[in-house]
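Okay, structure first, notes after.
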Amino acid sequence: MSRALDQDENEADRDEQAESRARTDDSVPGEESDADEDVGGGVRGYLIGLALAGILTAASFYVAGSGLIYGPGIPVGLIALAIGQMGVHLVFFLHVTTGPDNTNNVLALAFGVLIVALVLFGSLWIMSHLNHNMMPAEMMRQMQR
């Protein structure tokens with residue numbers, strides 16, 4: 001009886017160790033872990049990101065320069081590739097992941113996007129109103145006479 005309990009405990013210990021190894025091996029590409037402390041692991045992540053960025057860049061030039069996509073759909077294709085390119089840069093180069101230690105990075109990124117959006121849309125709004133409220137060119141010429 002004692003021997004059967006020891007075997008069950010040993011199996012439970014092995015299962016826990018295997019589960020622990022599975023948890024530590026479960027990481028996203030941009031997340032730095034203990035396994036990446038050697039130079040090769042860090043460089044490998046950057047090289048994967050560089051290869052993906054190069055492929056997406058080449059795909060963008062190919063889509064824009066070929067007749068692969070119907071003409072009016074080219075901007076949509078380029079936008080999709082640009083979003084993919086941003087994702088690659090965020091994960092592989094800026095190491096922005098969903099881990100609990102990256103909360104500040106994600107909040108800083110969201111704040112930066114908010115500021116850029118406010119400046120962009122605010123500038124477009126102001127220019128639109130200025131264009132609407134400007135005096136027509138014919139009236140300007142009459143005033144200069």
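Labeling convention for the structure tokens: chains A, B, ... as they appear, residues from 1 per chain, ligands from 1 in order of appearance.
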
Give one line per residue of stretch 45-70 of chain A that approaches stretch 80-103 of chain A to at most 8 Å, naming the two atoms of the closest pair and their distance in Å to one decimal, counting only C-alpha atoms; sort by chain then ascending residue number and deliver it as CSV.
residue,atom,partner,partner_atom,distance
A:Gly45,CA,A:Phe92,CA,6.5
A:Tyr46,CA,A:Phe92,CA,6.2
A:Ile48,CA,A:Phe92,CA,7.8
A:Gly49,CA,A:Phe92,CA,5.2
A:Leu52,CA,A:Val88,CA,7.1
A:Ala53,CA,A:Gln85,CA,6.1
A:Leu56,CA,A:Leu81,CA,6.3
A:Thr57,CA,A:Gln85,CA,7.8
A:Ala59,CA,A:Leu81,CA,7.8
A:Ser60,CA,A:Leu81,CA,6.5

Do you know which residues are at most 10 Å from A:Val63 counting only C-alpha atoms, after dropping those on the same chain fewer than 4 positions away, and could you put them as a list in words?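 Within the cut-off, the hits are Thr57, Ala58, Ala59, Gly67, Leu68, Ile69, Tyr70, Gly71, Gly73, Ile74, Pro75, Gly77, Leu78 and Leu81 of chain A.
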